[in-house]
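Working notes, structure below.
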Amino acid sequence: MLVRVTDVSFTTNQPWLFKFADSENKEYLVLNSETYAKYGLPNPVNRTHLDQLDVGMPSKIAFKVIDGKNIVTSIR
């Protein structure tokens with residue numbers, strides 16, 4: 001699915017690192033490592049994502065719906 005980065009947070013007061021939105025403005029979250037571990041999922045973020053993803057950039061993702069939220073499971 002093609003989405004765009006809508007927000008970035010590298011602070012500890014948010015459970016997410018990146019927010020994405022699709023063309024219908026549905027929100028997709030990239031969580032912090034602790035939250036992925038809680039759900040038993042591998043963290044899809046690598047060093048390249050941390051260095052290159054910024055607000056407005058397009059990206060292809062895969063996701064799962066967990067607790068009613070679209071959680072990113074892969075970033076390509």
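Within each chain, counting starts at residue 1; across the structure tokens, chains are named A, B, ... in the order shown, with ligands numbered 1 upward in that order.
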Pick out each residue of chain A that DSSP on the backbone tags as helix (DSSP H, G or I); I need them as a PyMOL selection string.
-> chain A and resi 33-39+47-52
Which residues come within 9 Å of stretch 55-65 of chain A, counting only C-alpha atoms, excluding same-chain residues fewer than 4 positions away, as JSON, numbers by chain?
-> {"A": [1, 2, 3, 4, 5, 6, 7, 8, 18, 19, 20, 28, 29, 69, 70, 71, 72, 73, 74, 75, 76]}
Atom pair atom CA of A:Ser33 / atom CA of A:Leu17: separation (Å) |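 So the answer is 9.4 Å.
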Identify which of the residues A:Asn43, A:Leu31, A:Ala37, A:Asp54 lies closest to A:Thr12, counting only C-alpha atoms when measuring atom-to-atom distances.
->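 So, comparing all the options, the nearest one is A:Leu31.
With only C-alpha atoms as the atoms that count, the minimum distance from A:Gln14 to the choices A:Glu27, A:Glu34, A:Asp67, A:Asp51 is reached by A:Glu34.
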From a DSSP pass on the backbone, collect the residues of chain A flagged as strand (DSSP E or B) and hand them back as number ranges by chain.
-> A: 2-8, 16-21, 27-31, 58-66, 69-75
Quick one: pull the distance between atom CA of A:Asn46 and atom CA of A:Val30, Å, one decimal.
-> 11.6 Å
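Remark: for A:Thr11, the closest of the candidate residues A:Thr48, A:Asn32, A:Gly68, A:Lys38 is A:Asn32 (distances computed over only C-alpha atoms).
Reported to one decimal place, the separation of atom CA of A:Thr35 from atom CA of A:Trp16 is 8.4 Å.
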